[in-house]
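Structure below is coords27.csv: CSV, C-alpha atoms.
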chain,number,residue,atom,x,y,z
A,1,MET,CA,34.1,2.6,-18.7
A,2,LYS,CA,31.9,0.2,-16.8
A,3,THR,CA,28.1,0.5,-17.0
A,4,LEU,CA,27.1,0.4,-13.4
A,5,THR,CA,28.4,1.7,-10.0
A,6,VAL,CA,27.3,-0.1,-6.9
A,7,PHE,CA,27.5,2.4,-4.0
A,8,THR,CA,27.4,1.5,-0.4
A,9,PRO,CA,27.1,4.2,2.4
A,10,THR,CA,28.3,2.7,5.6
A,11,TYR,CA,28.7,3.6,9.3
A,12,ASN,CA,30.5,1.1,11.6
A,13,ARG,CA,29.4,-1.9,9.5
A,14,LYS,CA,32.7,-3.6,9.1
A,15,HIS,CA,31.1,-6.8,10.4
A,16,THR,CA,28.5,-6.9,7.5
A,17,LEU,CA,30.5,-5.4,4.6
A,18,PRO,CA,32.4,-8.6,3.8
A,19,ARG,CA,29.1,-10.2,2.8
A,20,THR,CA,28.3,-7.3,0.5
A,21,TYR,CA,31.8,-7.5,-1.0
A,22,GLY,CA,31.6,-11.3,-1.4
A,23,SER,CA,28.4,-11.0,-3.4
A,24,LEU,CA,30.1,-8.6,-5.7
A,25,CYS,CA,33.0,-10.9,-6.2
A,26,ARG,CA,30.6,-13.6,-7.3
A,27,GLN,CA,28.9,-11.6,-10.0
A,28,LYS,CA,28.6,-13.4,-13.3
A,29,LYS,CA,29.2,-10.1,-15.1
A,30,ASN,CA,31.8,-7.6,-13.8
A,31,ASP,CA,30.5,-4.6,-15.7
A,32,PHE,CA,30.5,-2.5,-12.5
A,33,GLU,CA,32.6,-0.6,-9.9
A,34,TRP,CA,32.1,-0.4,-6.1
A,35,LEU,CA,32.0,2.9,-4.3
A,36,VAL,CA,32.2,2.7,-0.5
A,37,ILE,CA,31.2,5.9,1.3
A,38,ASP,CA,32.4,5.7,4.9
A,39,ASP,CA,30.2,8.1,7.0
A,40,GLY,CA,32.6,8.6,9.9
A,41,SER,CA,33.2,4.9,10.9
A,42,SER,CA,35.5,4.1,13.8
A,43,ASP,CA,35.5,0.3,13.6
A,44,GLY,CA,38.4,-0.2,11.1
A,45,THR,CA,36.3,0.0,7.9
A,46,ARG,CA,39.0,1.9,6.1
A,47,GLU,CA,41.7,-0.6,7.0
A,48,TRP,CA,39.5,-3.5,5.8
A,49,VAL,CA,39.0,-1.8,2.4
A,50,GLU,CA,42.7,-1.2,2.1
A,51,SER,CA,43.4,-4.9,2.7
A,52,LEU,CA,41.3,-6.0,-0.3
A,53,GLY,CA,43.8,-5.1,-3.0
A,54,GLU,CA,46.3,-2.8,-4.4
A,55,ILE,CA,45.9,1.0,-3.9
A,56,VAL,CA,46.1,2.5,-7.4
A,57,GLU,CA,45.1,6.1,-6.5
A,58,SER,CA,46.0,7.4,-3.1
A,59,THR,CA,44.2,10.8,-3.0
A,60,GLY,CA,40.9,12.2,-4.2
A,61,LYS,CA,38.2,14.8,-3.6
A,62,ARG,CA,37.1,15.9,-0.1
A,63,PHE,CA,33.6,16.2,1.2
A,64,ASP,CA,32.0,17.9,4.2
A,65,TRP,CA,29.5,16.2,6.6
A,66,MET,CA,26.6,16.9,4.3
A,67,GLY,CA,28.4,15.4,1.3
A,68,ARG,CA,29.2,18.6,-0.4
A,69,GLU,CA,32.5,18.8,-2.3
A,70,LEU,CA,35.3,20.8,-0.7
A,71,ASP,CA,38.4,22.3,-2.3
A,72,GLY,CA,41.5,20.2,-2.5
A,73,GLU,CA,42.3,16.5,-2.2
A,74,ASP,CA,43.4,14.2,0.7
A,75,GLY,CA,44.1,10.6,1.5
A,76,ASN,CA,40.6,9.9,2.8
A,77,HIS,CA,39.6,9.2,-0.8
A,78,PHE,CA,41.5,6.5,-2.7
A,79,LYS,CA,41.0,3.6,-5.1
A,80,VAL,CA,41.8,-0.1,-4.6
A,81,LYS,CA,42.1,-2.6,-7.5
A,82,THR,CA,41.0,-6.1,-6.6
A,83,GLU,CA,41.2,-9.2,-8.8
A,84,ASN,CA,37.6,-8.7,-10.0
A,85,PHE,CA,36.7,-5.0,-9.9
A,86,LEU,CA,37.7,-1.5,-8.8
A,87,ILE,CA,36.8,-0.2,-5.3
A,88,GLU,CA,36.6,3.6,-4.6
A,89,TYR,CA,36.6,4.5,-0.9
A,90,ILE,CA,35.7,7.9,0.5
A,91,TYR,CA,35.7,8.9,4.2
A,92,LYS,CA,33.7,11.9,5.3
A,93,PRO,CA,32.5,13.2,8.7
A,94,ASN,CA,29.3,11.6,10.0
A,95,GLY,CA,26.1,13.1,8.6
A,96,GLY,CA,23.6,10.4,8.0
A,97,LEU,CA,22.5,8.2,5.1
A,98,TYR,CA,21.4,10.9,2.7
A,99,THR,CA,24.8,12.6,2.9
A,100,GLY,CA,26.4,9.4,1.5
A,101,TYR,CA,24.0,9.6,-1.4
A,102,ASN,CA,25.2,13.2,-2.0
A,103,VAL,CA,28.8,12.0,-2.2
A,104,ALA,CA,27.8,9.1,-4.5
A,105,TYR,CA,26.0,11.3,-7.0
A,106,ALA,CA,28.9,13.8,-7.0
A,107,THR,CA,31.5,11.1,-7.6
A,108,ILE,CA,30.0,8.3,-9.9
A,109,GLN,CA,30.9,8.5,-13.6
A,110,THR,CA,29.2,5.4,-14.9
A,111,GLU,CA,25.8,5.6,-16.7
A,112,LEU,CA,23.9,3.7,-14.0
A,113,CYS,CA,24.1,3.6,-10.2
A,114,VAL,CA,22.5,1.6,-7.5
A,115,CYS,CA,22.7,1.7,-3.7
A,116,ILE,CA,23.3,-1.6,-1.9
A,117,ASP,CA,23.2,-1.0,1.8
A,118,SER,CA,26.1,-2.2,4.0
A,119,ASP,CA,24.0,-4.9,5.5
A,120,ASP,CA,22.6,-6.2,2.2
A,121,TYR,CA,24.0,-8.1,-0.8
A,122,MET,CA,23.4,-8.9,-4.4
A,123,PRO,CA,22.4,-12.2,-6.1
A,124,ASP,CA,25.1,-13.5,-8.2
A,125,ASP,CA,23.3,-12.6,-11.5
A,126,ALA,CA,22.1,-9.2,-10.4
A,127,VAL,CA,24.5,-7.1,-12.4
A,128,GLU,CA,24.1,-9.3,-15.4
A,129,LYS,CA,20.3,-8.8,-15.3
A,130,ILE,CA,20.5,-5.1,-14.7
A,131,VAL,CA,22.8,-4.4,-17.6
A,132,LYS,CA,20.8,-6.7,-19.9
A,133,ARG,CA,17.5,-5.1,-19.0
A,134,TRP,CA,18.9,-1.6,-19.6
A,135,ALA,CA,20.6,-2.5,-22.9
A,136,GLU,CA,17.3,-3.9,-24.2
A,137,ARG,CA,15.2,-0.8,-23.4
A,138,PRO,CA,13.2,0.8,-26.2
A,139,ARG,CA,15.1,3.7,-27.6
A,140,ASN,CA,12.1,5.8,-28.6
A,141,LYS,CA,11.5,7.0,-25.0
A,142,GLU,CA,13.5,8.3,-22.2
A,143,TYR,CA,13.7,6.2,-19.0
A,144,CYS,CA,15.2,7.1,-15.6
A,145,GLY,CA,16.5,3.5,-14.9
A,146,VAL,CA,15.4,0.0,-13.9
A,147,VAL,CA,13.5,-1.0,-10.8
A,148,GLY,CA,13.8,-4.6,-9.5
A,149,LEU,CA,12.9,-6.4,-6.3
A,150,ASP,CA,14.3,-6.7,-2.8
A,151,PHE,CA,14.1,-10.3,-1.5
A,152,ASN,CA,14.0,-11.1,2.2
A,153,VAL,CA,16.9,-13.3,3.4
A,154,VAL,CA,14.6,-14.9,5.9
A,155,ASP,CA,11.9,-16.4,3.6
A,156,SER,CA,13.5,-15.9,0.2
A,157,LYS,CA,10.5,-14.0,-1.0
A,158,PRO,CA,10.1,-10.5,-2.6
A,159,ILE,CA,9.3,-7.9,0.0
A,160,GLY,CA,5.8,-6.8,-0.9
A,161,GLY,CA,5.4,-9.4,-3.6
A,162,PHE,CA,6.1,-9.2,-7.3
A,163,PHE,CA,5.2,-6.3,-9.7
A,164,PRO,CA,2.0,-6.8,-11.6
A,165,SER,CA,2.5,-9.3,-14.4
A,166,GLY,CA,2.8,-7.9,-17.9
A,167,GLN,CA,3.9,-4.4,-16.7
A,168,SER,CA,7.3,-3.7,-18.3
A,169,GLU,CA,7.4,0.1,-17.7
A,170,ALA,CA,5.6,2.8,-15.8
A,171,TYR,CA,6.0,5.8,-13.5
A,172,GLN,CA,7.0,4.0,-10.4
A,173,THR,CA,4.6,6.0,-8.2
A,174,GLU,CA,1.7,4.5,-10.2
A,175,VAL,CA,2.8,0.9,-9.9
A,176,GLU,CA,0.6,-1.2,-7.6
A,177,HIS,CA,3.3,-2.5,-5.3
A,178,ILE,CA,3.7,-2.1,-1.6
A,179,GLY,CA,7.1,-3.1,-0.3
A,180,ASP,CA,10.8,-2.6,-0.8
A,181,VAL,CA,12.2,-2.4,-4.3
A,182,LYS,CA,15.6,-1.6,-5.7
A,183,GLN,CA,16.0,1.4,-8.1
A,184,VAL,CA,18.9,1.4,-10.5
A,185,MET,CA,19.1,5.0,-11.7
A,186,ARG,CA,20.7,7.0,-14.4
A,187,THR,CA,23.5,8.9,-12.8
A,188,ASP,CA,23.1,12.1,-14.8
A,189,LEU,CA,19.5,12.4,-13.7
A,190,MET,CA,20.3,11.8,-10.0
A,191,ARG,CA,23.2,14.3,-10.2
A,192,SER,CA,20.7,16.9,-11.5
A,193,VAL,CA,18.7,16.8,-8.2
A,194,ALA,CA,21.7,16.5,-5.9
A,195,PRO,CA,22.9,17.5,-3.4
A,196,GLN,CA,20.1,17.0,-0.9
A,197,ILE,CA,20.4,20.0,1.5
A,198,GLY,CA,19.5,19.0,5.0
A,199,PHE,CA,19.4,20.6,8.5
A,200,GLU,CA,22.1,20.9,11.1
A,201,GLY,CA,21.8,18.1,13.6
A,202,GLU,CA,19.2,16.1,11.7
A,203,ARG,CA,20.6,12.9,10.3
A,204,ASP,CA,17.3,11.1,9.3
A,205,PHE,CA,16.5,12.9,6.1
A,206,ASN,CA,15.4,10.2,3.7
A,207,PRO,CA,17.5,10.1,0.4
A,208,PHE,CA,14.3,9.1,-1.4
A,209,TYR,CA,13.7,12.8,-1.4
A,210,MET,CA,16.0,12.9,-4.5
A,211,LEU,CA,14.8,9.7,-6.0
A,212,ILE,CA,11.1,10.7,-6.2
A,213,GLN,CA,12.0,13.9,-8.0
A,214,VAL,CA,13.4,11.9,-10.9
A,215,LEU,CA,10.8,9.0,-10.6
A,216,ASP,CA,8.0,11.5,-11.1
A,217,LYS,CA,9.5,13.0,-14.3
A,218,TYR,CA,10.5,9.8,-16.2
A,219,PRO,CA,9.1,6.3,-16.5
A,220,ILE,CA,11.2,3.4,-15.2
A,221,LEU,CA,11.7,0.0,-16.6
A,222,ILE,CA,10.3,-2.8,-14.5
A,223,SER,CA,11.9,-6.1,-13.7
A,224,ASN,CA,10.5,-8.9,-11.5
A,225,ASP,CA,14.0,-10.2,-10.8
A,226,ASN,CA,15.8,-10.1,-7.5
A,227,PHE,CA,18.3,-7.3,-7.4
A,228,CYS,CA,19.1,-7.4,-3.7
A,229,TRP,CA,19.0,-9.7,-0.7
A,230,VAL,CA,17.8,-7.8,2.4
A,231,GLU,CA,18.3,-8.7,6.0
A,232,TYR,CA,16.8,-6.1,8.4
A,233,GLN,CA,19.2,-5.1,11.1
A,234,ILE,CA,18.0,-4.4,14.7
A,235,GLY,CA,19.6,-1.5,16.6
A,236,ALA,CA,19.9,2.2,16.8
A,237,ASP,CA,21.8,2.6,13.5
A,238,SER,CA,19.0,0.8,11.5
A,239,MET,CA,16.8,3.1,9.5
A,240,SER,CA,14.0,0.5,9.7
A,241,GLN,CA,14.1,0.6,13.5
A,242,GLY,CA,13.1,3.5,15.7
A,243,ILE,CA,11.0,5.4,13.1
A,244,TRP,CA,9.1,7.1,15.9
A,245,LYS,CA,12.4,8.5,17.2
A,246,GLN,CA,13.3,9.8,13.8
A,247,TYR,CA,10.2,11.9,13.6
A,248,VAL,CA,11.3,13.7,16.8
A,249,ARG,CA,15.0,13.9,15.9
A,250,SER,CA,14.5,15.3,12.3
A,251,PRO,CA,11.2,17.1,12.1
A,252,HIS,CA,12.4,19.8,9.6
A,253,SER,CA,13.7,17.0,7.3
A,254,TYR,CA,10.4,15.1,7.5
A,255,ALA,CA,8.4,18.3,6.8
A,256,LYS,CA,10.5,19.1,3.7
A,257,TYR,CA,10.2,15.5,2.5
A,258,ARG,CA,6.4,15.6,2.8
A,259,ILE,CA,6.2,18.9,0.8
A,260,ASN,CA,8.1,17.1,-1.9
A,261,GLN,CA,5.7,14.2,-1.9
A,262,MET,CA,2.7,16.5,-2.0
A,263,THR,CA,3.7,17.9,-5.4
A,264,LEU,CA,4.0,14.5,-7.2
A,265,LYS,CA,2.2,14.5,-10.5
A,266,HIS,CA,1.9,10.7,-10.9
A,267,GLY,CA,0.3,8.2,-8.5
A,268,ASN,CA,-0.8,10.8,-5.9
A,269,PRO,CA,-4.5,10.5,-5.4
A,270,LEU,CA,-6.5,12.8,-3.0
A,271,LYS,CA,-6.4,10.3,-0.2
A,272,ASN,CA,-2.6,10.1,-0.3
A,273,ARG,CA,-2.2,13.8,-0.5
A,274,PHE,CA,-4.4,14.2,2.6
A,275,ARG,CA,-2.3,11.6,4.5
A,276,LEU,CA,0.8,13.5,3.5
A,277,CYS,CA,-0.7,16.7,4.9
A,278,VAL,CA,-1.4,15.0,8.2
A,279,HIS,CA,2.2,13.9,8.5
A,280,TYR,CA,3.4,17.4,7.4
A,281,MET,CA,1.3,19.0,10.1
A,282,ALA,CA,2.8,16.7,12.7
A,283,SER,CA,6.3,17.5,11.6
A,284,CYS,CA,5.6,21.2,11.6
A,285,ILE,CA,4.2,21.0,15.2
A,286,LEU,CA,7.3,19.1,16.3
A,287,SER,CA,9.6,21.6,14.7
A,288,ALA,CA,7.6,24.6,15.9
A,289,ASP,CA,7.5,25.9,12.3
A,290,LYS,CA,5.6,29.2,12.2
A,291,ASP,CA,5.6,29.2,8.4
A,292,TRP,CA,3.8,25.8,8.0
A,293,LEU,CA,0.8,27.2,6.0
A,294,ARG,CA,2.9,29.4,3.7
A,295,ASN,CA,5.3,26.5,2.9
A,296,SER,CA,2.5,24.0,2.2
A,297,PRO,CA,1.7,23.5,-1.5
A,298,LEU,CA,-1.7,22.1,-0.5
A,299,LYS,CA,-3.0,24.8,1.8
A,300,GLY,CA,-6.6,23.8,1.9
A,301,LEU,CA,-5.9,20.1,2.7
A,302,THR,CA,-3.3,21.2,5.2
A,303,ILE,CA,-5.8,23.2,7.2
A,304,LEU,CA,-8.2,20.3,7.1
A,305,ALA,CA,-5.4,18.0,8.4
A,306,ILE,CA,-4.7,20.1,11.5
A,307,PRO,CA,-6.7,18.0,14.0
A,308,PHE,CA,-5.3,14.7,12.6
A,309,GLY,CA,-1.8,16.2,12.6
A,310,LEU,CA,-2.3,17.1,16.3
A,311,PHE,CA,-3.3,13.5,17.1
A,312,LEU,CA,-0.3,12.1,15.2
A,313,THR,CA,2.0,14.5,17.1
A,314,LEU,CA,0.6,13.2,20.4
A,315,LEU,CA,1.1,9.6,19.2
A,316,VAL,CA,4.7,10.3,18.2
A,317,LEU,CA,5.4,11.9,21.6
A,318,TRP,CA,3.7,9.0,23.4
A,319,LYS,CA,5.8,6.5,21.4
A,320,ASN,CA,8.9,8.5,22.5
A,321,ARG,CA,7.9,8.7,26.2
A,322,LYS,CA,10.7,6.4,27.4
If you took the structure in this file and wrote it as structure tokens, what would it be?
Amino acid sequence: MKTLTVFTPTYNRKHTLPRTYGSLCRQKKNDFEWLVIDDGSSDGTREWVESLGEIVESTGKRFDWMGRELDGEDGNHFKVKTENFLIEYIYKPNGGLYTGYNVAYATIQTELCVCIDSDDYMPDDAVEKIVKRWAERPRNKEYCGVVGLDFNVVDSKPIGGFFPSGQSEAYQTEVEHIGDVKQVMRTDLMRSVAPQIGFEGERDFNPFYMLIQVLDKYPILISNDNFCWVEYQIGADSMSQGIWKQYVRSPHSYAKYRINQMTLKHGNPLKNRFRLCVHYMASCILSADKDWLRNSPLKGLTILAIPFGLFLTLLVLWKNRK
């Protein structure tokens, strides 16, 4: 069995997937498989995957819109053998990015897994460096995985800079780094916190909700290597765009996410907990949640955050005025 699964949730990104695929074909070490989770695309993504090689398994498990496994099998889940590696393809009804993560954690069998978005791609030596870093880990301690850097395609620099020099391991929430990174996680640990249960009609629930549960329990190995090339997309389907709209579209999801962040044991100083309470209050106001105080794990701070939460709510509504 391979060591790593690269998984790619995608929605109508047939135009960018070839770049992701090409980077995987160029890997110096092919100790990986590729899992493509198609979240209801209508642009020919399936046909493109089928064209890449020989179909070696024509049916597989079924999943609902939230990424929960259903009974039986169908032809929307198949495997394609290419010259360099195995591709597993799963089609599911549209549900949002986090639902693709649910499918991935229910499907992947390799020891490690990493998400490479459908508009991103890996450096040619990324798999080699990931596998080497994991193989050389100290065996007297339990780690949740390896974290490396995302590099911006535009300027070829790490987004947010490098990790502090000399730091080889830590709880990630305690690492002094502001910017995008790439977590390569142990599959068994991610499966233990999945699936992420969301809310009907809310597609913007951040899959980091699952990641931080594991990152707060175990230290992670740190690498200053480039694990992923990132090119930010512009448009309605980009998670980095329209964040203000996401607050309005998915208020229950954001509130649940903030509750999770409030309870972190590592790297969560008072200032950050208060900031989270402010965002939590805004989400509760937007969702008209009458149980906001009972559900908060930081009731005192949440009460203090009320006026700031009201201001943030007004700001969100103002940003969405058009």
### Task
Excluding Thr8 in chain A and residues on its chain fewer than 6 positions from it, collect all residues at most 9 Å away from it, counting only C-alpha atoms, and give them as a VMD selection string.
chain A and resid 20 34 to 38 100 to 101 104 114 to 118
With all atoms listed in the file as the counted atoms, please give the residues lying no more than 10 Å from Asn295 in chain A, apart from itself and same-chain residues fewer than 6 positions off, as a PDB file with C-alpha atoms, in the frame of the given file.
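File out15.pdb, as written:
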ATOM      1  CA  ALA A 255       8.400  18.300   6.800  1.00  0.00           C
ATOM      2  CA  LYS A 256      10.500  19.100   3.700  1.00  0.00           C
ATOM      3  CA  ILE A 259       6.200  18.900   0.800  1.00  0.00           C
ATOM      4  CA  ASP A 289       7.500  25.900  12.300  1.00  0.00           C
TER       5      ASP A 289
END
So that each row is one residue of range 187-275 of chain A with an atom at most 7 Å from range 79-99 of chain A, can you give its shortest atom pair and the distance in Å to one decimal, using all atoms listed in the file, rows by chain and rising number, as a Markdown table?
| residue | atom | partner | partner_atom | distance |
| --- | --- | --- | --- | --- |
| A:Arg203 | CA | A:Gly96 | CA | 4.5 |
| A:Asp204 | CA | A:Gly96 | CA | 6.5 |
| A:Phe205 | CA | A:Tyr98 | CA | 6.3 |
| A:Asn206 | CA | A:Tyr98 | CA | 6.1 |
| A:Pro207 | CA | A:Tyr98 | CA | 4.6 |
Between range 154-249 of chain A and range 56-77 of chain A, at 9 Å or less, what are the per-residue closest atom pairs and their distances in Å? Count only C-alpha atoms, order by chain and rising residue number, and return it as JSON lines.
{"residue": "A:Pro195", "atom": "CA", "partner": "A:Arg68", "partner_atom": "CA", "distance": 7.1}
{"residue": "A:Gln196", "atom": "CA", "partner": "A:Met66", "partner_atom": "CA", "distance": 8.3}
{"residue": "A:Ile197", "atom": "CA", "partner": "A:Met66", "partner_atom": "CA", "distance": 7.5}
{"residue": "A:Gly198", "atom": "CA", "partner": "A:Met66", "partner_atom": "CA", "distance": 7.4}
### Query
Counting all atoms listed in the file, which of A:Phe32, A:Trp292, A:Phe308, A:Tyr11 gets nearest to Phe274 in chain A?
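Closest to Phe274 in chain A, using all atoms listed in the file: A:Phe308.
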Some atoms are absent from range 247-257 of chain A, so rebuild all heavy atoms and return them as a short mmCIF file (atom, residue, chain, number, x, y, z; two decimals), keeping the file's coordinate frame.
data_model
loop_
_atom_site.label_atom_id
_atom_site.label_comp_id
_atom_site.auth_asym_id
_atom_site.auth_seq_id
_atom_site.Cartn_x
_atom_site.Cartn_y
_atom_site.Cartn_z
N TYR A 247 11.09 10.77 13.80
CA TYR A 247 10.20 11.90 13.60
C TYR A 247 10.53 13.05 14.57
O TYR A 247 10.42 14.22 14.22
CB TYR A 247 8.74 11.45 13.95
CG TYR A 247 8.12 10.54 12.91
CD1 TYR A 247 7.26 9.51 13.29
CD2 TYR A 247 8.38 10.70 11.56
CE1 TYR A 247 6.67 8.66 12.35
CE2 TYR A 247 7.81 9.87 10.62
CZ TYR A 247 6.96 8.86 11.01
OH TYR A 247 6.40 8.04 10.08
N VAL A 248 10.97 12.70 15.78
CA VAL A 248 11.30 13.70 16.80
C VAL A 248 12.71 14.28 16.50
O VAL A 248 12.94 15.49 16.65
CB VAL A 248 11.25 13.13 18.19
CG1 VAL A 248 11.77 14.12 19.22
CG2 VAL A 248 9.81 12.74 18.53
N ARG A 249 13.63 13.43 16.09
CA ARG A 249 15.00 13.90 15.90
C ARG A 249 15.14 14.78 14.65
O ARG A 249 15.99 15.67 14.61
CB ARG A 249 15.94 12.67 15.68
CG ARG A 249 16.21 11.85 16.92
CD ARG A 249 17.42 10.97 16.72
NE ARG A 249 17.33 10.14 15.52
CZ ARG A 249 17.20 8.83 15.52
NH1 ARG A 249 17.09 8.18 16.68
NH2 ARG A 249 17.15 8.14 14.41
N SER A 250 14.32 14.55 13.63
CA SER A 250 14.50 15.30 12.30
C SER A 250 13.19 15.81 11.81
O SER A 250 12.78 15.53 10.68
CB SER A 250 15.12 14.30 11.32
OG SER A 250 16.34 13.75 11.78
N PRO A 251 12.48 16.65 12.57
CA PRO A 251 11.20 17.10 12.10
C PRO A 251 11.24 18.05 10.91
O PRO A 251 10.35 18.00 10.05
CB PRO A 251 10.64 17.88 13.35
CG PRO A 251 11.85 18.30 14.10
CD PRO A 251 12.84 17.18 13.90
N HIS A 252 12.26 18.91 10.81
CA HIS A 252 12.40 19.80 9.60
C HIS A 252 12.58 18.96 8.37
O HIS A 252 12.03 19.28 7.31
CB HIS A 252 13.55 20.77 9.81
CG HIS A 252 13.39 21.72 10.95
ND1 HIS A 252 13.87 21.45 12.22
CD2 HIS A 252 12.80 22.95 11.02
CE1 HIS A 252 13.59 22.46 13.01
NE2 HIS A 252 12.94 23.39 12.32
N SER A 253 13.39 17.92 8.49
CA SER A 253 13.70 17.00 7.30
C SER A 253 12.39 16.34 6.88
O SER A 253 12.10 16.26 5.68
CB SER A 253 14.72 16.01 7.71
OG SER A 253 15.93 16.62 8.08
N TYR A 254 11.62 15.82 7.82
CA TYR A 254 10.40 15.10 7.50
C TYR A 254 9.38 16.08 6.84
O TYR A 254 8.66 15.73 5.90
CB TYR A 254 9.79 14.44 8.70
CG TYR A 254 10.28 13.02 8.87
CD1 TYR A 254 11.42 12.75 9.61
CD2 TYR A 254 9.63 11.96 8.26
CE1 TYR A 254 11.89 11.45 9.75
CE2 TYR A 254 10.08 10.67 8.39
CZ TYR A 254 11.22 10.41 9.14
OH TYR A 254 11.69 9.13 9.26
N ALA A 255 9.30 17.32 7.34
CA ALA A 255 8.40 18.30 6.80
C ALA A 255 8.76 18.60 5.31
O ALA A 255 7.91 18.65 4.42
CB ALA A 255 8.39 19.57 7.60
N LYS A 256 10.05 18.78 5.06
CA LYS A 256 10.50 19.10 3.70
C LYS A 256 10.25 17.89 2.77
O LYS A 256 9.87 18.06 1.60
CB LYS A 256 12.02 19.38 3.74
CG LYS A 256 12.60 19.85 2.42
CD LYS A 256 14.05 20.28 2.58
CE LYS A 256 14.64 20.75 1.25
NZ LYS A 256 16.05 21.18 1.40
N TYR A 257 10.43 16.68 3.30
CA TYR A 257 10.20 15.50 2.50
C TYR A 257 8.69 15.38 2.15
O TYR A 257 8.34 15.05 1.01
CB TYR A 257 10.61 14.27 3.34
CG TYR A 257 10.45 12.92 2.67
CD1 TYR A 257 10.69 12.75 1.32
CD2 TYR A 257 10.10 11.79 3.42
CE1 TYR A 257 10.56 11.51 0.72
CE2 TYR A 257 9.97 10.55 2.83
CZ TYR A 257 10.20 10.41 1.49
OH TYR A 257 10.08 9.18 0.88
#
